file target.cif (mmCIF, C-alpha atoms)
data_query
loop_
_atom_site.group_PDB
_atom_site.id
_atom_site.type_symbol
_atom_site.label_atom_id
_atom_site.label_comp_id
_atom_site.auth_asym_id
_atom_site.auth_seq_id
_atom_site.Cartn_x
_atom_site.Cartn_y
_atom_site.Cartn_z
ATOM 1 C CA MET A 1 -16.859 -15.599 -59.425
ATOM 2 C CA THR A 2 -14.786 -15.514 -56.244
ATOM 3 C CA PHE A 3 -14.353 -19.279 -55.815
ATOM 4 C CA THR A 4 -13.769 -21.934 -58.489
ATOM 5 C CA ALA A 5 -13.416 -25.667 -57.803
ATOM 6 C CA THR A 6 -12.457 -27.783 -60.815
ATOM 7 C CA ASN A 7 -13.021 -31.560 -60.779
ATOM 8 C CA GLU A 8 -13.689 -31.565 -57.028
ATOM 9 C CA LEU A 9 -17.228 -32.948 -56.899
ATOM 10 C CA ASP A 10 -16.086 -35.400 -54.234
ATOM 11 C CA CYS A 11 -15.224 -32.390 -52.028
ATOM 12 C CA PHE A 12 -18.851 -31.241 -51.912
ATOM 13 C CA GLN A 13 -21.824 -32.612 -50.015
ATOM 14 C CA PHE A 14 -25.030 -32.292 -52.047
ATOM 15 C CA HIS A 15 -27.774 -33.559 -49.701
ATOM 16 C CA ASP A 16 -30.655 -31.049 -49.638
ATOM 17 C CA ALA A 17 -29.111 -28.760 -52.262
ATOM 18 C CA GLU A 18 -31.674 -27.073 -54.472
ATOM 19 C CA ILE A 19 -31.341 -26.985 -58.247
ATOM 20 C CA LYS A 20 -32.936 -23.759 -59.461
ATOM 21 C CA GLU A 21 -32.273 -24.263 -63.182
ATOM 22 C CA ILE A 22 -30.854 -26.873 -65.557
ATOM 23 C CA LYS A 23 -29.593 -25.938 -69.012
ATOM 24 C CA LEU A 24 -28.068 -28.065 -71.742
ATOM 25 C CA ILE A 25 -25.983 -25.958 -74.134
ATOM 26 C CA ASP A 26 -23.360 -27.098 -76.670
ATOM 27 C CA GLY A 27 -22.548 -30.377 -74.903
ATOM 28 C CA LYS A 28 -22.518 -28.770 -71.455
ATOM 29 C CA MET A 29 -24.972 -29.280 -68.630
ATOM 30 C CA ILE A 30 -25.240 -26.226 -66.376
ATOM 31 C CA TRP A 31 -26.966 -26.253 -63.001
ATOM 32 C CA THR A 32 -27.799 -23.159 -60.977
ATOM 33 C CA VAL A 33 -27.840 -24.428 -57.394
ATOM 34 C CA SER A 34 -28.050 -23.285 -53.802
ATOM 35 C CA CYS A 35 -27.074 -24.886 -50.520
ATOM 36 C CA ILE A 36 -24.364 -27.273 -51.677
ATOM 37 C CA ASN A 37 -21.727 -27.718 -48.992
ATOM 38 C CA ALA A 38 -18.022 -27.209 -49.629
ATOM 39 C CA MET A 39 -16.244 -29.711 -47.410
ATOM 40 C CA THR A 40 -13.007 -28.876 -45.609
ATOM 41 C CA THR A 41 -11.218 -31.012 -48.237
ATOM 42 C CA ASN A 42 -12.354 -28.571 -50.947
ATOM 43 C CA SER A 43 -9.488 -26.407 -52.239
ATOM 44 C CA GLN A 44 -11.720 -23.320 -51.957
ATOM 45 C CA ASN A 45 -12.765 -23.832 -48.322
ATOM 46 C CA ASN A 46 -10.165 -22.465 -45.906
ATOM 47 C CA ASN A 47 -12.525 -22.780 -42.946
ATOM 48 C CA SER A 48 -12.283 -25.373 -40.197
ATOM 49 C CA LYS A 49 -15.809 -26.647 -40.942
ATOM 50 C CA ASP A 50 -17.802 -27.584 -44.029
ATOM 51 C CA MET A 51 -19.474 -24.458 -45.375
ATOM 52 C CA CYS A 52 -22.787 -23.888 -47.167
ATOM 53 C CA VAL A 53 -22.446 -22.267 -50.584
ATOM 54 C CA LYS A 54 -25.182 -19.672 -50.991
ATOM 55 C CA HIS A 55 -25.534 -19.847 -54.814
ATOM 56 C CA ALA A 56 -23.339 -21.662 -57.339
ATOM 57 C CA ILE A 57 -23.076 -22.479 -61.008
ATOM 58 C CA MET A 58 -22.101 -26.090 -61.728
ATOM 59 C CA THR A 59 -20.881 -26.776 -65.259
ATOM 60 C CA PHE A 60 -20.286 -30.259 -66.641
ATOM 61 C CA ASP A 61 -18.374 -30.337 -69.954
ATOM 62 C CA ASN A 62 -18.897 -32.904 -72.732
ATOM 63 C CA VAL A 63 -21.908 -34.457 -71.023
ATOM 64 C CA ASN A 64 -23.348 -37.781 -72.106
ATOM 65 C CA ILE A 65 -26.464 -38.843 -70.198
ATOM 66 C CA GLU A 66 -26.306 -42.613 -69.863
ATOM 67 C CA LYS A 67 -29.458 -43.233 -67.870
ATOM 68 C CA LEU A 68 -32.335 -41.466 -66.181
ATOM 69 C CA GLN A 69 -34.160 -43.919 -63.929
ATOM 70 C CA PHE A 70 -37.226 -43.145 -61.867
ATOM 71 C CA GLY A 71 -37.065 -44.932 -58.544
ATOM 72 C CA ALA A 72 -39.334 -47.695 -57.397
ATOM 73 C CA TYR A 73 -41.511 -46.997 -54.398
ATOM 74 C CA LYS A 74 -44.302 -48.415 -52.240
ATOM 75 C CA VAL A 75 -46.991 -46.552 -50.313
ATOM 76 C CA TYR A 76 -48.626 -48.068 -47.230
ATOM 77 C CA ASP A 77 -51.533 -46.869 -45.101
ATOM 78 C CA SER A 78 -51.341 -46.541 -41.308
ATOM 79 C CA ASN A 79 -52.205 -50.258 -40.922
ATOM 80 C CA GLN A 80 -49.290 -51.246 -43.161
ATOM 81 C CA ASN A 81 -51.577 -52.235 -46.020
ATOM 82 C CA LEU A 82 -49.990 -51.719 -49.405
ATOM 83 C CA ILE A 83 -51.798 -48.938 -51.286
ATOM 84 C CA GLU A 84 -49.506 -48.438 -54.256
ATOM 85 C CA SER A 85 -46.451 -50.154 -55.697
ATOM 86 C CA VAL A 86 -44.433 -48.729 -58.583
ATOM 87 C CA GLU A 87 -41.478 -50.442 -60.253
ATOM 88 C CA ALA A 88 -38.354 -48.552 -61.301
ATOM 89 C CA THR A 89 -38.627 -47.249 -64.862
ATOM 90 C CA LEU A 90 -36.077 -45.972 -67.359
ATOM 91 C CA ALA A 91 -36.813 -42.802 -69.275
ATOM 92 C CA LYS A 92 -36.293 -42.864 -73.017
ATOM 93 C CA PRO A 93 -33.242 -40.902 -74.229
ATOM 94 C CA ASP A 94 -35.423 -38.538 -76.258
ATOM 95 C CA GLU A 95 -37.208 -37.580 -72.992
ATOM 96 C CA TYR A 96 -34.071 -36.689 -70.973
ATOM 97 C CA ILE A 97 -33.898 -32.980 -71.803
ATOM 98 C CA GLU A 98 -37.589 -32.359 -71.192
ATOM 99 C CA ILE A 99 -37.476 -34.231 -67.859
ATOM 100 C CA LEU A 100 -34.408 -32.314 -66.675
ATOM 101 C CA ILE A 101 -35.800 -28.914 -67.586
ATOM 102 C CA GLU A 102 -39.273 -29.718 -66.232
ATOM 103 C CA SER A 103 -37.713 -30.950 -62.956
ATOM 104 C CA THR A 104 -37.204 -27.370 -61.813
ATOM 105 C CA SER A 105 -40.776 -26.285 -62.604
ATOM 106 C CA SER A 106 -41.887 -26.417 -58.966
ATOM 107 C CA TYR A 107 -39.079 -27.760 -56.785
ATOM 108 C CA CYS A 108 -35.885 -29.687 -57.406
ATOM 109 C CA TYR A 109 -33.631 -31.046 -54.662
ATOM 110 C CA VAL A 110 -30.565 -33.244 -54.685
ATOM 111 C CA ASN A 111 -30.804 -36.180 -52.302
ATOM 112 C CA GLY A 112 -27.151 -36.929 -52.905
ATOM 113 C CA MET A 113 -24.405 -37.832 -55.321
ATOM 114 C CA GLU A 114 -24.471 -41.623 -55.394
ATOM 115 C CA GLU A 115 -21.195 -42.267 -57.211
ATOM 116 C CA LEU A 116 -18.266 -40.550 -58.848
ATOM 117 C CA HIS A 117 -15.397 -42.288 -60.550
ATOM 118 C CA LYS A 118 -12.968 -41.825 -63.376
ATOM 119 C CA VAL A 119 -13.443 -43.853 -66.560
ATOM 120 C CA ASP A 120 -11.397 -43.925 -69.764
ATOM 121 C CA GLY A 121 -8.602 -41.593 -68.675
ATOM 122 C CA GLU A 122 -10.040 -38.087 -68.598
ATOM 123 C CA GLU A 123 -13.739 -38.940 -68.361
ATOM 124 C CA TYR A 124 -15.787 -39.136 -65.156
ATOM 125 C CA ARG A 125 -19.069 -40.910 -64.418
ATOM 126 C CA THR A 126 -21.453 -39.780 -61.713
ATOM 127 C CA CYS A 127 -24.979 -40.444 -60.530
ATOM 128 C CA PHE A 128 -27.141 -37.893 -58.736
ATOM 129 C CA ASN A 129 -30.363 -38.759 -56.905
ATOM 130 C CA ILE A 130 -32.753 -35.926 -57.769
ATOM 131 C CA ASP A 131 -36.233 -35.204 -56.449
ATOM 132 C CA GLY A 132 -37.998 -32.669 -58.639
ATOM 133 C CA GLY A 133 -41.214 -31.616 -60.294
ATOM 134 C CA THR A 134 -41.108 -34.724 -62.517
ATOM 135 C CA GLY A 135 -40.531 -37.194 -59.661
ATOM 136 C CA ASN A 136 -37.588 -38.840 -57.953
ATOM 137 C CA TYR A 137 -34.915 -40.193 -60.276
ATOM 138 C CA TYR A 138 -31.300 -41.220 -60.617
ATOM 139 C CA LEU A 139 -29.389 -39.298 -63.282
ATOM 140 C CA THR A 140 -26.252 -41.099 -64.478
ATOM 141 C CA PHE A 141 -23.942 -39.293 -66.869
ATOM 142 C CA THR A 142 -20.333 -38.955 -67.987
ATOM 143 C CA PHE A 143 -18.419 -35.700 -68.392
ATOM 144 C CA SER A 144 -14.871 -34.542 -69.040
ATOM 145 C CA ASN A 145 -14.662 -31.646 -66.597
ATOM 146 C CA SER A 146 -16.697 -30.178 -63.737
ATOM 147 C CA ILE A 147 -16.473 -26.582 -62.594
ATOM 148 C CA VAL A 148 -18.299 -25.241 -59.536
ATOM 149 C CA GLU A 149 -18.200 -21.461 -59.128
ATOM 150 C CA TRP A 150 -19.608 -19.264 -56.372
ATOM 151 C CA ASP A 151 -19.159 -15.922 -54.649
ATOM 152 C CA GLU A 152 -20.085 -16.475 -51.024
ATOM 153 C CA TYR A 153 -20.934 -18.819 -48.205
ATOM 154 C CA SER A 154 -24.152 -18.500 -46.222
ATOM 155 C CA GLY A 155 -22.634 -20.043 -43.078
ATOM 156 C CA GLU A 156 -21.676 -23.470 -41.827
ATOM 157 C CA ALA A 157 -23.166 -26.582 -43.452
ATOM 158 C CA TRP A 158 -26.445 -27.634 -41.816
ATOM 159 C CA TYR A 159 -24.881 -30.829 -40.439
ATOM 160 C CA GLU A 160 -22.170 -28.844 -38.602
ATOM 161 C CA HIS A 161 -24.798 -27.665 -36.089
ATOM 162 C CA PRO A 162 -24.319 -29.435 -32.729
ATOM 163 C CA LYS A 163 -27.818 -30.982 -32.788
ATOM 164 C CA TRP A 164 -26.775 -33.126 -35.805
ATOM 165 C CA LYS A 165 -23.445 -34.267 -34.340
ATOM 166 C CA LYS A 166 -23.266 -37.786 -32.955
ATOM 167 C CA LYS A 167 -22.381 -37.899 -29.301
#

call {"tool": "encode", "arguments": {"input": "target.cif", "output": "structure tokens"}}
result
Amino acid sequence: MTFTATNELDCFQFHDAEIKEIKLIDGKMIWTVSCINAMTTNSQNNNSKDMCVKHAIMTFDNVNIEKLQFGAYKVYDSNQNLIESVEATLAKPDEYIEILIESTSSYCYVNGMEELHKVDGEEYRTCFNIDGGTGNYYLTFTFSNSIVEWDEYSGEAWYEHPKWKKK
């Protein structure tokens, strides 16, 4: 791959990225993604604006999934009458792999990376908000190393367009 960013997840913007495939192999979690944005703080972006990565491979080493939590939600009709109310629920650990793989069965988008911090020296913890074929959930996991690799940009990040800039 032309570009490689190691342990720079905080230098990407993930809102509206699409996860095409999720694999779990030998302690690694591998995502095939499109439309993540390499920020100007990313070591691989020499442009003056955040750039949209066309296709990338994201690899997380030594992954430990801590929690997969489906979000609570409420549905109202046009008169603001409550139609449905669902509490947040935790998936069972033996369901994690099936949920992750099934998430890409129809669509799978990242709403954002909710947190990223270092724990226990060389280990990181992150939480991604994912909306996929199995529902909307928060995926919290630890890993020792993240590598994002890609070959090309498809243009400026969507939010660099003037219509999204605050005046």

call {"tool": "residues_around", "arguments": {"input": "target.cif", "residues": "stretch 18-20 of chain A", "least_positions_apart": "6", "cutoff": "12 Å", "atoms": "all atoms listed in the file", "output": "ChimeraX atom specification"}}
result
/A:30-37,52-58,100-112,128-133

call {"tool": "atom_distance", "arguments": {"input": "target.cif", "atom1": "atom CA of A:Glu87", "atom2": "atom CA of A:Tyr138"}}
result
13.7 Å

call {"tool": "atom_distance", "arguments": {"input": "target.cif", "atom1": "atom CA of A:Tyr153", "atom2": "atom CA of A:Phe14"}}
result
14.6 Å

call {"tool": "resolve_selection", "arguments": {"input": "target.cif", "expression": "the PyMOL selection byres ((chain A and resi 126) around 7)", "output": "list in words"}}
result
Glu115, Leu116, His117, Tyr124, Arg125, Cys127, Phe128, Thr140, Phe141 and Thr142 of chain A

call {"tool": "write_last_selection", "arguments": {"input": "target.cif", "atoms": "C-alpha atoms", "output": "PDB file, in the frame of the given file"}}
result
ATOM      1  CA  GLU A 115     -21.195 -42.267 -57.211  1.00  0.00           C
ATOM      2  CA  LEU A 116     -18.266 -40.550 -58.848  1.00  0.00           C
ATOM      3  CA  HIS A 117     -15.397 -42.288 -60.550  1.00  0.00           C
ATOM      4  CA  TYR A 124     -15.787 -39.136 -65.156  1.00  0.00           C
ATOM      5  CA  ARG A 125     -19.069 -40.910 -64.418  1.00  0.00           C
ATOM      6  CA  CYS A 127     -24.979 -40.444 -60.530  1.00  0.00           C
ATOM      7  CA  PHE A 128     -27.141 -37.893 -58.736  1.00  0.00           C
ATOM      8  CA  THR A 140     -26.252 -41.099 -64.478  1.00  0.00           C
ATOM      9  CA  PHE A 141     -23.942 -39.293 -66.869  1.00  0.00           C
ATOM     10  CA  THR A 142     -20.333 -38.955 -67.987  1.00  0.00           C
TER      11      THR A 142
END

call {"tool": "closest_residue", "arguments": {"input": "target.cif", "among": "A:Glu8, A:Asp94, A:Glu152, A:Asp120", "to": "A:Thr59", "atoms": "all atoms listed in the file"}}
result
A:Glu8

call {"tool": "residues_around", "arguments": {"input": "target.cif", "residues": "A:Asn64", "least_positions_apart": "2", "cutoff": "10 Å", "atoms": "all atoms listed in the file", "output": "PyMOL selection string"}}
result
chain A and resi 27-29+60-62+66-67+125+140-144

call {"tool": "decode", "arguments": {"input": "target.cif", "residues": "stretch 33-52 of chain A", "atoms": "N, CA and C atoms", "output": "PDB file, in the first residue's frame"}}
result
ATOM      1  N   VAL A  33     -12.516  -0.773   4.766  1.00  0.00           N
ATOM      2  CA  VAL A  33     -13.363   0.419   4.889  1.00  0.00           C
ATOM      3  C   VAL A  33     -13.207   1.351   3.692  1.00  0.00           C
ATOM      4  N   SER A  34     -14.189   2.214   3.534  1.00  0.00           N
ATOM      5  CA  SER A  34     -14.090   3.297   2.558  1.00  0.00           C
ATOM      6  C   SER A  34     -14.570   4.576   3.221  1.00  0.00           C
ATOM      7  N   CYS A  35     -14.086   5.666   2.693  1.00  0.00           N
ATOM      8  CA  CYS A  35     -14.530   7.012   3.098  1.00  0.00           C
ATOM      9  C   CYS A  35     -14.171   7.399   4.532  1.00  0.00           C
ATOM     10  N   ILE A  36     -13.037   6.906   5.048  1.00  0.00           N
ATOM     11  CA  ILE A  36     -12.525   7.505   6.279  1.00  0.00           C
ATOM     12  C   ILE A  36     -11.758   8.746   5.841  1.00  0.00           C
ATOM     13  N   ASN A  37     -11.600   9.705   6.715  1.00  0.00           N
ATOM     14  CA  ASN A  37     -10.929  10.942   6.344  1.00  0.00           C
ATOM     15  C   ASN A  37      -9.623  11.090   7.097  1.00  0.00           C
ATOM     16  N   ALA A  38      -8.536  11.240   6.341  1.00  0.00           N
ATOM     17  CA  ALA A  38      -7.221  11.488   6.928  1.00  0.00           C
ATOM     18  C   ALA A  38      -7.120  12.988   7.183  1.00  0.00           C
ATOM     19  N   MET A  39      -7.016  13.339   8.460  1.00  0.00           N
ATOM     20  CA  MET A  39      -6.949  14.748   8.836  1.00  0.00           C
ATOM     21  C   MET A  39      -5.569  15.323   8.486  1.00  0.00           C
ATOM     22  N   THR A  40      -5.459  16.622   8.495  1.00  0.00           N
ATOM     23  CA  THR A  40      -4.175  17.255   8.176  1.00  0.00           C
ATOM     24  C   THR A  40      -3.112  16.902   9.220  1.00  0.00           C
ATOM     25  N   THR A  41      -3.513  16.455  10.395  1.00  0.00           N
ATOM     26  CA  THR A  41      -2.563  16.041  11.431  1.00  0.00           C
ATOM     27  C   THR A  41      -2.022  14.639  11.187  1.00  0.00           C
ATOM     28  N   ASN A  42      -2.580  13.920  10.211  1.00  0.00           N
ATOM     29  CA  ASN A  42      -2.144  12.570   9.891  1.00  0.00           C
ATOM     30  C   ASN A  42      -0.789  12.641   9.171  1.00  0.00           C
ATOM     31  N   SER A  43       0.143  11.798   9.595  1.00  0.00           N
ATOM     32  CA  SER A  43       1.490  11.809   9.007  1.00  0.00           C
ATOM     33  C   SER A  43       1.486  11.509   7.510  1.00  0.00           C
ATOM     34  N   GLN A  44       0.428  10.894   7.002  1.00  0.00           N
ATOM     35  CA  GLN A  44       0.364  10.504   5.597  1.00  0.00           C
ATOM     36  C   GLN A  44      -0.411  11.495   4.727  1.00  0.00           C
ATOM     37  N   ASN A  45      -0.908  12.568   5.333  1.00  0.00           N
ATOM     38  CA  ASN A  45      -1.665  13.570   4.573  1.00  0.00           C
ATOM     39  C   ASN A  45      -0.830  14.844   4.467  1.00  0.00           C
ATOM     40  N   ASN A  46      -0.264  15.076   3.302  1.00  0.00           N
ATOM     41  CA  ASN A  46       0.544  16.279   3.071  1.00  0.00           C
ATOM     42  C   ASN A  46      -0.270  17.392   2.421  1.00  0.00           C
ATOM     43  N   ASN A  47      -1.576  17.235   2.402  1.00  0.00           N
ATOM     44  CA  ASN A  47      -2.455  18.238   1.807  1.00  0.00           C
ATOM     45  C   ASN A  47      -2.829  19.296   2.836  1.00  0.00           C
ATOM     46  N   SER A  48      -3.369  20.395   2.369  1.00  0.00           N
ATOM     47  CA  SER A  48      -3.750  21.481   3.272  1.00  0.00           C
ATOM     48  C   SER A  48      -5.144  21.288   3.868  1.00  0.00           C
ATOM     49  N   LYS A  49      -5.849  20.241   3.408  1.00  0.00           N
ATOM     50  CA  LYS A  49      -7.193  19.945   3.903  1.00  0.00           C
ATOM     51  C   LYS A  49      -7.281  18.465   4.256  1.00  0.00           C
ATOM     52  N   ASP A  50      -8.268  18.126   5.088  1.00  0.00           N
ATOM     53  CA  ASP A  50      -8.540  16.723   5.380  1.00  0.00           C
ATOM     54  C   ASP A  50      -8.971  16.051   4.080  1.00  0.00           C
ATOM     55  N   MET A  51      -8.488  14.829   3.880  1.00  0.00           N
ATOM     56  CA  MET A  51      -8.735  14.126   2.625  1.00  0.00           C
ATOM     57  C   MET A  51      -9.477  12.820   2.870  1.00  0.00           C
ATOM     58  N   CYS A  52     -10.350  12.471   1.917  1.00  0.00           N
ATOM     59  CA  CYS A  52     -11.132  11.235   1.986  1.00  0.00           C
ATOM     60  C   CYS A  52     -10.317  10.082   1.400  1.00  0.00           C
TER      61      CYS A  52
END
